[in-house]
$ cat protein-v7.cif   # mmCIF, C-alpha atoms and all ligand atoms
data_work
#
loop_
_atom_site.label_atom_id
_atom_site.label_comp_id
_atom_site.auth_asym_id
_atom_site.auth_seq_id
_atom_site.Cartn_x
_atom_site.Cartn_y
_atom_site.Cartn_z
CA MET R 211 -9.56 4.08 -15.87
CA ILE R 212 -8.28 4.24 -12.30
CA ILE R 213 -9.14 1.51 -9.80
CA ALA R 214 -8.38 2.45 -6.18
CA ILE R 215 -7.97 -0.31 -3.61
CA ASP R 216 -7.50 0.80 -0.01
CA GLY R 217 -7.57 -0.93 3.34
CA PRO R 218 -5.51 -1.94 6.35
CA ALA R 219 -2.49 -4.28 6.31
CA GLY R 220 -3.49 -7.92 6.07
CA SER R 221 -6.86 -7.27 4.45
CA GLY R 222 -5.71 -9.07 1.30
CA LYS R 223 -5.31 -5.77 -0.52
CA SER R 224 -1.86 -6.27 -2.07
CA SER R 225 -2.30 -9.76 -3.51
CA THR R 226 -5.80 -8.89 -4.70
CA ALA R 227 -4.72 -5.61 -6.30
CA ARG R 228 -1.85 -7.34 -8.11
CA GLU R 229 -4.18 -9.99 -9.54
CA VAL R 230 -6.88 -7.47 -10.49
CA ALA R 231 -4.20 -5.47 -12.35
CA LYS R 232 -3.10 -8.61 -14.18
CA ARG R 233 -6.62 -9.62 -15.21
CA THR R 234 -7.58 -6.11 -16.32
CA ASN R 235 -4.26 -5.51 -18.06
CA SER R 236 -3.61 -2.49 -15.86
CA LEU R 237 -0.50 -0.88 -14.42
CA TYR R 238 -0.14 -1.94 -10.77
CA ILE R 239 1.03 0.78 -8.38
CA ASP R 240 1.89 -0.31 -4.84
CA THR R 241 1.99 2.99 -2.93
CA GLY R 242 2.97 1.32 0.37
CA ALA R 243 6.22 0.22 -1.28
CA MET R 244 7.05 3.89 -1.87
CA TYR R 245 6.66 4.82 1.83
CA ARG R 246 8.73 1.74 2.64
CA ALA R 247 11.49 2.93 0.27
CA VAL R 248 11.59 6.31 2.05
CA ALA R 249 11.90 4.48 5.38
CA LEU R 250 14.79 2.43 3.98
CA PHE R 251 16.49 5.62 2.79
CA THR R 252 16.39 7.05 6.34
CA ILE R 253 17.89 3.84 7.77
CA GLU R 254 20.65 3.61 5.18
CA ASN R 255 21.59 7.26 5.63
CA GLY R 256 21.38 7.48 9.42
CA ILE R 257 18.49 9.95 9.32
CA ASP R 258 16.13 10.14 12.30
CA ALA R 259 12.74 9.52 10.69
CA HIS R 260 10.94 11.22 13.58
CA LEU R 261 12.91 14.46 13.47
CA GLU R 262 15.11 14.91 10.44
CA ILE R 263 12.98 14.48 7.33
CA SER R 264 12.69 17.67 5.32
CA GLU R 265 12.13 18.70 1.71
CA SER R 266 15.90 19.00 1.29
CA VAL R 267 16.48 15.47 2.62
CA LEU R 268 13.74 14.23 0.31
CA SER R 269 15.38 15.89 -2.68
CA HIS R 270 17.92 13.01 -2.44
CA VAL R 271 15.21 10.36 -2.59
CA HIS R 272 14.36 9.10 -6.07
CA ILE R 273 11.78 6.35 -6.21
CA ARG R 274 10.78 4.47 -9.32
CA LEU R 275 8.33 1.59 -9.76
CA GLU R 276 8.77 -0.71 -12.75
CA PRO R 277 6.21 -3.35 -13.76
CA SER R 278 7.62 -6.87 -13.42
CA ASP R 279 6.53 -10.52 -13.47
CA SER R 280 5.99 -10.44 -9.70
CA GLY R 281 3.88 -7.27 -10.02
CA VAL R 282 6.27 -4.40 -9.49
CA ASP R 283 9.97 -3.72 -8.90
CA VAL R 284 10.86 -0.87 -6.54
CA TYR R 285 13.99 1.21 -7.15
CA LEU R 286 15.50 3.62 -4.63
CA ASN R 287 18.12 5.91 -6.18
CA GLY R 288 18.66 3.40 -8.98
CA SER R 289 18.94 0.22 -6.83
CA ASN R 290 16.35 -2.51 -6.70
CA VAL R 291 15.12 -2.61 -3.08
CA ASN R 292 12.30 -5.20 -3.39
CA ASP R 293 13.67 -7.43 -0.65
CA LYS R 294 15.11 -4.78 1.63
CA ILE R 295 11.79 -2.94 2.05
CA ARG R 296 9.93 -5.99 3.41
CA GLY R 297 11.86 -6.37 6.68
CA SER R 298 10.25 -5.61 10.04
CA GLU R 299 12.44 -2.55 10.78
CA VAL R 300 11.31 -0.93 7.51
CA SER R 301 7.67 -1.90 8.19
CA GLU R 302 7.72 -0.17 11.57
CA LEU R 303 9.49 2.92 10.25
CA SER R 304 7.28 3.24 7.16
CA SER R 305 4.39 3.94 9.49
CA VAL R 306 6.46 6.84 10.97
CA VAL R 307 7.59 8.33 7.65
CA SER R 308 4.09 8.07 6.18
CA SER R 309 2.77 10.50 8.79
CA ASN R 310 5.24 13.19 7.64
CA ARG R 311 3.63 15.94 5.54
CA ASP R 312 6.60 16.49 3.20
CA VAL R 313 6.86 12.75 2.54
CA ARG R 314 3.14 12.47 1.76
CA ASN R 315 3.20 15.49 -0.55
CA LYS R 316 6.12 14.06 -2.50
CA MET R 317 4.72 10.52 -2.71
CA VAL R 318 1.22 11.66 -3.71
CA SER R 319 2.61 13.82 -6.48
CA ILE R 320 4.73 10.93 -7.86
CA GLN R 321 1.72 8.61 -7.63
CA ARG R 322 -0.53 11.00 -9.54
CA GLU R 323 2.15 11.57 -12.17
CA MET R 324 2.73 7.83 -12.73
CA ALA R 325 -0.97 7.05 -12.96
CA LEU R 326 -1.83 9.94 -15.24
CA GLU R 327 1.05 9.15 -17.59
CA CYS R 328 -0.47 5.69 -18.06
CA VAL R 329 -4.08 6.90 -18.30
CA ASN R 330 -3.13 9.61 -20.81
CA LYS R 331 -1.75 6.87 -23.06
CA GLY R 332 -5.08 5.06 -22.85
CA GLY R 333 -4.07 2.60 -20.12
CA SER R 334 -5.67 1.61 -16.82
CA VAL R 335 -4.20 1.68 -13.35
CA VAL R 336 -4.80 -0.32 -10.20
CA MET R 337 -3.47 1.73 -7.31
CA GLU R 338 -3.27 0.25 -3.85
CA GLY R 339 -2.77 2.02 -0.52
CA ARG R 340 -4.56 3.75 2.35
CA ASP R 341 -5.62 7.09 0.89
CA ILE R 342 -6.07 6.45 -2.83
CA GLY R 343 -9.87 6.79 -2.87
CA THR R 344 -9.89 9.67 -0.36
CA VAL R 345 -6.87 11.82 -1.34
CA VAL R 346 -4.80 10.65 -4.31
CA PHE R 347 -7.65 9.96 -6.73
CA PRO R 348 -10.97 10.83 -5.07
CA ASP R 349 -12.59 10.77 -8.54
CA ALA R 350 -11.31 7.29 -9.46
CA GLU R 351 -13.81 5.32 -11.57
CA PHE R 352 -13.76 2.45 -9.08
CA LYS R 353 -12.99 2.52 -5.39
CA PHE R 354 -12.78 -0.47 -3.10
CA PHE R 355 -12.07 -0.67 0.61
CA LEU R 356 -10.96 -4.08 1.83
CA ILE R 357 -11.30 -5.02 5.49
CA ALA R 358 -10.90 -8.21 7.52
CA ASP R 359 -11.27 -9.25 11.14
CA PRO R 360 -7.96 -8.48 12.96
CA LYS R 361 -7.88 -12.10 14.21
CA VAL R 362 -8.01 -13.38 10.63
CA ARG R 363 -5.35 -10.87 9.60
CA ALA R 364 -3.08 -12.07 12.43
CA GLN R 365 -3.60 -15.69 11.31
CA ARG R 366 -2.75 -14.79 7.69
CA ARG R 367 0.40 -12.97 8.80
CA ALA R 368 1.45 -15.91 10.99
CA VAL R 369 1.08 -18.28 8.01
CA GLN R 370 3.15 -15.94 5.78
CA LEU R 371 5.91 -15.73 8.40
CA LYS R 372 5.86 -19.48 8.97
CA GLU R 373 6.35 -20.02 5.23
CA LYS R 374 9.47 -17.86 5.51
CA GLY R 375 10.65 -19.88 8.51
CA VAL R 376 10.10 -17.00 10.94
CA PRO R 377 8.47 -18.07 14.23
CA ALA R 378 5.67 -15.73 15.34
CA SER R 379 3.04 -15.65 18.04
CA GLU R 380 -0.47 -15.02 16.76
CA ALA R 381 -1.35 -13.13 19.94
CA SER R 382 1.48 -10.62 19.49
CA LEU R 383 0.73 -10.26 15.77
CA TYR R 384 -2.90 -9.53 16.69
CA GLN R 385 -1.78 -6.81 19.11
CA GLU R 386 0.58 -5.29 16.50
CA ILE R 387 -2.27 -5.17 13.98
CA VAL R 388 -4.71 -3.53 16.38
CA ASP R 389 -2.04 -0.98 17.39
CA ARG R 390 -1.12 -0.22 13.76
CA ASP R 391 -4.81 0.21 12.79
CA GLY R 392 -5.19 2.65 15.68
CA ARG R 393 -2.18 4.68 14.49
CA ASP R 394 -3.23 4.64 10.82
CA GLU R 395 -6.85 5.59 11.56
CA SER R 396 -6.06 8.37 14.03
CA ARG R 397 -3.15 10.09 12.27
CA GLU R 398 -3.78 13.69 11.30
CA LEU R 399 -2.75 13.44 7.64
CA SER R 400 -4.68 11.20 5.24
CA PRO R 401 -5.85 8.73 7.88
CA LEU R 402 -6.88 5.25 6.83
CA LYS R 403 -10.56 5.76 6.06
CA LYS R 404 -13.11 4.38 3.65
CA ALA R 405 -14.07 6.90 0.97
CA GLU R 406 -17.82 7.51 1.14
CA THR R 407 -18.32 6.13 -2.33
CA ALA R 408 -16.00 3.14 -1.96
CA ILE R 409 -17.37 -0.39 -2.02
CA GLU R 410 -16.43 -2.19 1.18
CA ILE R 411 -15.43 -5.83 0.91
CA ASP R 412 -14.94 -7.90 4.07
CA THR R 413 -12.43 -10.57 3.10
CA SER R 414 -12.49 -12.44 6.46
CA ASP R 415 -14.40 -15.39 5.02
CA LEU R 416 -13.52 -15.01 1.34
CA SER R 417 -11.04 -17.06 -0.64
CA PHE R 418 -8.45 -15.23 -2.71
CA GLU R 419 -10.37 -16.05 -5.89
CA GLU R 420 -13.60 -14.69 -4.38
CA GLN R 421 -11.89 -11.43 -3.40
CA VAL R 422 -10.58 -10.95 -6.91
CA GLU R 423 -13.85 -11.97 -8.56
CA ASN R 424 -15.86 -9.57 -6.38
CA ILE R 425 -13.82 -6.67 -7.71
CA ILE R 426 -13.63 -7.85 -11.31
CA SER R 427 -17.40 -8.32 -11.47
CA VAL R 428 -18.00 -4.74 -10.28
CA ILE R 429 -15.53 -3.41 -12.86
CA LYS R 430 -17.18 -5.40 -15.62
CA GLY R 431 -20.57 -4.12 -14.52
CA ASN R 432 -21.88 -7.39 -13.14
CA GLY R 433 -21.35 -6.60 -9.44
O1 LIG R 501 0.77 -1.30 2.51
P1 LIG R 501 2.13 -1.32 3.24
O2 LIG R 501 2.11 -2.14 4.52
O3 LIG R 501 3.25 -1.71 2.35
O4 LIG R 501 2.38 0.21 3.68
C1 LIG R 501 3.56 0.59 4.36
C2 LIG R 501 3.25 1.82 5.23
O5 LIG R 501 2.91 2.95 4.46
C3 LIG R 501 2.11 1.61 6.24
O6 LIG R 501 2.54 2.06 7.50
C4 LIG R 501 1.00 2.51 5.75
C5 LIG R 501 1.69 3.53 4.88
N1 LIG R 501 0.91 3.90 3.70
C6 LIG R 501 0.27 5.12 3.69
O7 LIG R 501 0.30 5.83 4.70
N2 LIG R 501 -0.39 5.51 2.58
C7 LIG R 501 -0.45 4.73 1.49
N3 LIG R 501 -1.12 5.15 0.40
C8 LIG R 501 0.20 3.47 1.49
C9 LIG R 501 0.86 3.08 2.62
#
$ encode --input "protein-v7.cif" --output "structure tokens" --more "lines below"
Ligand code: DC
Amino acid sequence: MIIAIDGPAGSGKSSTAREVAKRTNSLYIDTGAMYRAVALFTIENGIDAHLEISESVLSHVHIRLEPSDSGVDVYLNGSNVNDKIRGSEVSELSSVVSSNRDVRNKMVSIQREMALECVNKGGSVVMEGRDIGTVVFPDAEFKFFLIADPKVRAQRRAVQLKEKGVPASEASLYQEIVDRDGRDESRELSPLKKAETAIEIDTSDLSFEEQVENIISVIKGNG
């Protein structure tokens, strides 16, 4: 069984997907982390992400996801890069690398391979991203599209940053979110879009538990 969870940043997608995977005993695949790892590779190797990414550059990029207590560990060329891929420089650049055709082709093929390896052994997969229900697994058994009011998403992000001791203005976070949505929705390749058959869940007024329960009840046939 494949469960696809797509949606914009800050919609509650990652935390919800991780918990749904835990409760359904599924493999959790965070596809955003893979684009982030490619972005990190370009930074660490002085590659211009706008101009210099090619199949030959990508042949030096080996990304592996390993299940862990926190959900998933991300390895880039053998090194654990969990922390490094969450910085703001990588976040910005991951949006650039994810619009590159060669990058998308490579990531999508790794994602399909990882998921099918698990499914072929009788397992289930929760895969989270932007294009899982539309491109990676359009025939997934379950497809969800999480959304939330940009103002709520900016508030959530501000709280997360505050917890890390990083000061942030909600107004500028709001603008960043609106700008990023615009870029993700209008890009030529695999734009952020709800699959026709996906179930849309607006998490603006939902608690974390309600978000998770909404999805679990659909999977169990009670939704
Ligand atoms: O979900 P995230 O913020 O970790 O994603 C990082 C970047 O990768 C973000 O700019 C969107 C992009 N992305 C994508 O284009 N396709 C996916 N399936 C997942 C993420």
$ closest_residue --input "protein-v7.cif" --among "R:Pro377, R:Pro360, R:Gly343, R:Gly332" --to "ligand LIG 501 (chain R)" --atoms "only C-alpha atoms and all ligand atoms"
R:Gly343
$ atom_distance --input "protein-v7.cif" --atom1 "atom C2 of ligand LIG 501 (chain R)" --atom2 "atom CA of R:Lys331"
29.2 Å
$ residues_near_point --input "protein-v7.cif" --point "(-2.9, -9.1, -0.1)" --cutoff "12 Å" --atoms "only C-alpha atoms" --output "number ranges by chain"
R: 215-230, 240, 242, 338-339, 356-358, 363, 366-367, 370, 413, 417-419, 421-422
$ closest_residue --input "protein-v7.cif" --among "R:Asp341, R:Asp412, R:Glu302, R:Glu327" --to "R:Glu386" --atoms "only C-alpha atoms"
R:Glu302
$ atom_distance --input "protein-v7.cif" --atom1 "atom CA of R:Ser309" --atom2 "atom CA of R:Asp283"
23.8 Å
$ closest_residue --input "protein-v7.cif" --among "R:Val267, R:Val369, R:Leu261, R:Ala249" --to "R:Arg296" --atoms "all atoms listed in the file"
R:Ala249
$ closest_residue --input "protein-v7.cif" --among "R:Asn287, R:Thr252, R:Ser379, R:Thr344" --to "R:Val300" --atoms "all atoms listed in the file"
R:Thr252
$ atom_distance --input "protein-v7.cif" --atom1 "atom CA of R:Ser305" --atom2 "atom CA of R:Arg393"
8.3 Å
$ closest_residue --input "protein-v7.cif" --among "R:Asp279, R:Asp391, R:Asp359, R:Glu262" --to "ligand LIG 501 (chain R)" --atoms "all atoms listed in the file"
R:Asp391
$ closest_residue --input "protein-v7.cif" --among "R:Ser308, R:Thr234, R:Ser382, R:Ser269" --to "ligand LIG 501 (chain R)" --atoms "all atoms listed in the file"
R:Ser308
$ residues_around --input "protein-v7.cif" --residues "R:Asp293" --least-positions-apart "4" --cutoff "12 Å" --atoms "only C-alpha atoms" --output "JSON list (two decimals) with C-alpha atoms, in the frame of the given file"
[["chain", "number", "residue", "atom", "x", "y", "z"],
["R", 243, "ALA", "CA", 6.22, 0.22, -1.28],
["R", 246, "ARG", "CA", 8.73, 1.74, 2.64],
["R", 247, "ALA", "CA", 11.49, 2.93, 0.27],
["R", 250, "LEU", "CA", 14.79, 2.43, 3.98],
["R", 282, "VAL", "CA", 6.27, -4.40, -9.49],
["R", 283, "ASP", "CA", 9.97, -3.72, -8.90],
["R", 284, "VAL", "CA", 10.86, -0.87, -6.54],
["R", 285, "TYR", "CA", 13.99, 1.21, -7.15],
["R", 286, "LEU", "CA", 15.50, 3.62, -4.63],
["R", 289, "SER", "CA", 18.94, 0.22, -6.83],
["R", 297, "GLY", "CA", 11.86, -6.37, 6.68],
["R", 298, "SER", "CA", 10.25, -5.61, 10.04],
["R", 300, "VAL", "CA", 11.31, -0.93, 7.51]]
$ residues_near_point --input "protein-v7.cif" --point "(-7.5, 9.7, -9.1)" --cutoff "10 Å" --atoms "only C-alpha atoms" --output "JSON, numbers by chain"
{"R": [211, 212, 213, 214, 321, 322, 325, 326, 335, 337, 342, 343, 344, 345, 346, 347, 348, 349, 350, 351, 352, 353]}
$ residues_around --input "protein-v7.cif" --residues "R:Asp312" --least-positions-apart "5" --cutoff "9 Å" --atoms "only C-alpha atoms" --output "list in words"
Ile263, Ser264, Glu265, Leu268 and Met317 of chain R
$ axis_aligned_box --input "protein-v7.cif" --around "stretch 256-268 of chain R" --padding-each-side "8 Å" --output "JSON"
{"center_x": 16.2, "center_y": 13.2, "center_z": 6.9, "size_x": 26.4, "size_y": 27.5, "size_z": 29.3}
$ decode --input "protein-v7.cif" --residues "stretch 297-423 of chain R" --atoms "C-alpha atoms" --output "PDB file, in the first residue's frame"
ATOM      1  CA  GLY R 297      19.302  25.520   7.295  1.00  0.00           C
ATOM      2  CA  SER R 298      17.788  28.489   5.459  1.00  0.00           C
ATOM      3  CA  GLU R 299      20.417  28.534   2.669  1.00  0.00           C
ATOM      4  CA  VAL R 300      19.591  24.915   1.803  1.00  0.00           C
ATOM      5  CA  SER R 301      15.834  25.627   2.021  1.00  0.00           C
ATOM      6  CA  GLU R 302      16.116  28.459  -0.496  1.00  0.00           C
ATOM      7  CA  LEU R 303      18.353  26.490  -2.847  1.00  0.00           C
ATOM      8  CA  SER R 304      16.260  23.316  -2.682  1.00  0.00           C
ATOM      9  CA  SER R 305      13.487  25.236  -4.377  1.00  0.00           C
ATOM     10  CA  VAL R 306      15.959  26.033  -7.224  1.00  0.00           C
ATOM     11  CA  VAL R 307      17.342  22.507  -7.621  1.00  0.00           C
ATOM     12  CA  SER R 308      13.859  20.974  -7.508  1.00  0.00           C
ATOM     13  CA  SER R 309      12.903  22.815 -10.693  1.00  0.00           C
ATOM     14  CA  ASN R 310      15.777  21.150 -12.602  1.00  0.00           C
ATOM     15  CA  ARG R 311      14.635  18.343 -14.926  1.00  0.00           C
ATOM     16  CA  ASP R 312      17.682  16.088 -14.402  1.00  0.00           C
ATOM     17  CA  VAL R 313      17.367  16.415 -10.630  1.00  0.00           C
ATOM     18  CA  ARG R 314      13.658  15.548 -10.702  1.00  0.00           C
ATOM     19  CA  ASN R 315      14.207  12.551 -12.982  1.00  0.00           C
ATOM     20  CA  LYS R 316      16.886  11.176 -10.689  1.00  0.00           C
ATOM     21  CA  MET R 317      14.957  11.797  -7.453  1.00  0.00           C
ATOM     22  CA  VAL R 318      11.695  10.369  -8.799  1.00  0.00           C
ATOM     23  CA  SER R 319      13.431   7.212  -9.940  1.00  0.00           C
ATOM     24  CA  ILE R 320      15.094   6.721  -6.515  1.00  0.00           C
ATOM     25  CA  GLN R 321      11.755   7.387  -4.797  1.00  0.00           C
ATOM     26  CA  ARG R 322       9.920   4.819  -6.914  1.00  0.00           C
ATOM     27  CA  GLU R 323      12.685   2.264  -6.387  1.00  0.00           C
ATOM     28  CA  MET R 324      12.689   2.701  -2.586  1.00  0.00           C
ATOM     29  CA  ALA R 325       8.919   2.492  -2.320  1.00  0.00           C
ATOM     30  CA  LEU R 326       8.544  -0.487  -4.626  1.00  0.00           C
ATOM     31  CA  GLU R 327      11.283  -2.411  -2.837  1.00  0.00           C
ATOM     32  CA  CYS R 328       9.259  -2.061   0.367  1.00  0.00           C
ATOM     33  CA  VAL R 329       5.878  -2.780  -1.263  1.00  0.00           C
ATOM     34  CA  ASN R 330       7.264  -5.850  -3.056  1.00  0.00           C
ATOM     35  CA  LYS R 331       8.227  -7.256   0.342  1.00  0.00           C
ATOM     36  CA  GLY R 332       4.658  -6.765   1.526  1.00  0.00           C
ATOM     37  CA  GLY R 333       5.248  -3.446   3.315  1.00  0.00           C
ATOM     38  CA  SER R 334       3.475  -0.092   3.177  1.00  0.00           C
ATOM     39  CA  VAL R 335       4.899   3.313   2.428  1.00  0.00           C
ATOM     40  CA  VAL R 336       3.964   6.835   3.439  1.00  0.00           C
ATOM     41  CA  MET R 337       5.562   9.175   0.930  1.00  0.00           C
ATOM     42  CA  GLU R 338       5.495  12.901   1.476  1.00  0.00           C
ATOM     43  CA  GLY R 339       6.226  15.701  -1.004  1.00  0.00           C
ATOM     44  CA  ARG R 340       4.695  17.940  -3.660  1.00  0.00           C
ATOM     45  CA  ASP R 341       4.175  15.623  -6.629  1.00  0.00           C
ATOM     46  CA  ILE R 342       3.672  12.177  -5.123  1.00  0.00           C
ATOM     47  CA  GLY R 343      -0.026  11.859  -5.993  1.00  0.00           C
ATOM     48  CA  THR R 344       0.374  13.547  -9.393  1.00  0.00           C
ATOM     49  CA  VAL R 345       3.699  12.214 -10.750  1.00  0.00           C
ATOM     50  CA  VAL R 346       5.592   9.738  -8.559  1.00  0.00           C
ATOM     51  CA  PHE R 347       2.695   7.435  -7.698  1.00  0.00           C
ATOM     52  CA  PRO R 348      -0.469   8.656  -9.439  1.00  0.00           C
ATOM     53  CA  ASP R 349      -2.034   5.237  -8.728  1.00  0.00           C
ATOM     54  CA  ALA R 350      -1.301   5.294  -4.979  1.00  0.00           C
ATOM     55  CA  GLU R 351      -4.048   3.631  -2.920  1.00  0.00           C
ATOM     56  CA  PHE R 352      -4.475   6.767  -0.809  1.00  0.00           C
ATOM     57  CA  LYS R 353      -3.738  10.354  -1.723  1.00  0.00           C
ATOM     58  CA  PHE R 354      -4.018  13.330   0.569  1.00  0.00           C
ATOM     59  CA  PHE R 355      -3.393  17.006  -0.092  1.00  0.00           C
ATOM     60  CA  LEU R 356      -2.838  19.103   3.016  1.00  0.00           C
ATOM     61  CA  ILE R 357      -3.359  22.861   2.910  1.00  0.00           C
ATOM     62  CA  ALA R 358      -3.476  25.653   5.495  1.00  0.00           C
ATOM     63  CA  ASP R 359      -4.045  29.386   5.497  1.00  0.00           C
ATOM     64  CA  PRO R 360      -0.677  31.118   4.773  1.00  0.00           C
ATOM     65  CA  LYS R 361      -1.168  33.251   7.918  1.00  0.00           C
ATOM     66  CA  VAL R 362      -1.460  30.110  10.053  1.00  0.00           C
ATOM     67  CA  ARG R 363       1.572  28.611   8.311  1.00  0.00           C
ATOM     68  CA  ALA R 364       3.598  31.761   9.056  1.00  0.00           C
ATOM     69  CA  GLN R 365       2.537  31.574  12.730  1.00  0.00           C
ATOM     70  CA  ARG R 366       3.557  27.895  12.924  1.00  0.00           C
ATOM     71  CA  ARG R 367       6.938  28.661  11.365  1.00  0.00           C
ATOM     72  CA  ALA R 368       7.491  31.576  13.763  1.00  0.00           C
ATOM     73  CA  VAL R 369       6.793  29.283  16.742  1.00  0.00           C
ATOM     74  CA  GLN R 370       9.226  26.639  15.387  1.00  0.00           C
ATOM     75  CA  LEU R 371      11.959  29.259  14.911  1.00  0.00           C
ATOM     76  CA  LYS R 372      11.318  30.751  18.342  1.00  0.00           C
ATOM     77  CA  GLU R 373      11.761  27.306  19.890  1.00  0.00           C
ATOM     78  CA  LYS R 374      15.170  27.180  18.211  1.00  0.00           C
ATOM     79  CA  GLY R 375      15.998  30.651  19.543  1.00  0.00           C
ATOM     80  CA  VAL R 376      15.870  32.244  16.077  1.00  0.00           C
ATOM     81  CA  PRO R 377      14.055  35.609  16.015  1.00  0.00           C
ATOM     82  CA  ALA R 378      11.644  35.943  13.078  1.00  0.00           C
ATOM     83  CA  SER R 379       9.027  38.401  11.921  1.00  0.00           C
ATOM     84  CA  GLU R 380       5.673  36.828  11.135  1.00  0.00           C
ATOM     85  CA  ALA R 381       5.053  39.376   8.384  1.00  0.00           C
ATOM     86  CA  SER R 382       8.248  38.445   6.519  1.00  0.00           C
ATOM     87  CA  LEU R 383       7.605  34.725   7.024  1.00  0.00           C
ATOM     88  CA  TYR R 384       4.119  35.243   5.556  1.00  0.00           C
ATOM     89  CA  GLN R 385       5.621  36.944   2.495  1.00  0.00           C
ATOM     90  CA  GLU R 386       8.214  34.156   2.067  1.00  0.00           C
ATOM     91  CA  ILE R 387       5.442  31.550   2.187  1.00  0.00           C
ATOM     92  CA  VAL R 388       3.265  33.334  -0.356  1.00  0.00           C
ATOM     93  CA  ASP R 389       6.285  33.793  -2.664  1.00  0.00           C
ATOM     94  CA  ARG R 390       7.347  30.143  -2.312  1.00  0.00           C
ATOM     95  CA  ASP R 391       3.783  28.908  -3.011  1.00  0.00           C
ATOM     96  CA  GLY R 392       3.750  31.061  -6.147  1.00  0.00           C
ATOM     97  CA  ARG R 393       7.049  29.551  -7.337  1.00  0.00           C
ATOM     98  CA  ASP R 394       6.052  25.964  -6.505  1.00  0.00           C
ATOM     99  CA  GLU R 395       2.613  26.254  -8.132  1.00  0.00           C
ATOM    100  CA  SER R 396       3.798  27.971 -11.305  1.00  0.00           C
ATOM    101  CA  ARG R 397       6.953  25.978 -12.074  1.00  0.00           C
ATOM    102  CA  GLU R 398       6.903  24.105 -15.351  1.00  0.00           C
ATOM    103  CA  LEU R 399       7.923  20.686 -14.013  1.00  0.00           C
ATOM    104  CA  SER R 400       5.698  18.836 -11.537  1.00  0.00           C
ATOM    105  CA  PRO R 401       4.130  21.955 -10.033  1.00  0.00           C
ATOM    106  CA  LEU R 402       2.578  21.767  -6.592  1.00  0.00           C
ATOM    107  CA  LYS R 403      -0.962  20.709  -7.417  1.00  0.00           C
ATOM    108  CA  LYS R 404      -3.668  18.605  -5.850  1.00  0.00           C
ATOM    109  CA  ALA R 405      -4.202  15.323  -7.702  1.00  0.00           C
ATOM    110  CA  GLU R 406      -7.814  15.143  -8.884  1.00  0.00           C
ATOM    111  CA  THR R 407      -8.485  12.115  -6.742  1.00  0.00           C
ATOM    112  CA  ALA R 408      -6.656  13.349  -3.639  1.00  0.00           C
ATOM    113  CA  ILE R 409      -8.557  14.117  -0.459  1.00  0.00           C
ATOM    114  CA  GLU R 410      -7.943  17.720   0.570  1.00  0.00           C
ATOM    115  CA  ILE R 411      -7.517  18.430   4.268  1.00  0.00           C
ATOM    116  CA  ASP R 412      -7.386  22.034   5.492  1.00  0.00           C
ATOM    117  CA  THR R 413      -5.305  21.899   8.666  1.00  0.00           C
ATOM    118  CA  SER R 414      -5.697  25.614   9.575  1.00  0.00           C
ATOM    119  CA  ASP R 415      -8.017  24.875  12.487  1.00  0.00           C
ATOM    120  CA  LEU R 416      -7.048  21.271  13.199  1.00  0.00           C
ATOM    121  CA  SER R 417      -4.894  20.003  16.036  1.00  0.00           C
ATOM    122  CA  PHE R 418      -2.031  17.673  15.202  1.00  0.00           C
ATOM    123  CA  GLU R 419      -4.018  14.711  16.526  1.00  0.00           C
ATOM    124  CA  GLU R 420      -7.022  15.666  14.365  1.00  0.00           C
ATOM    125  CA  GLN R 421      -4.834  15.868  11.244  1.00  0.00           C
ATOM    126  CA  VAL R 422      -3.426  12.419  11.893  1.00  0.00           C
ATOM    127  CA  GLU R 423      -6.803  10.921  12.806  1.00  0.00           C
TER     128      GLU R 423
END
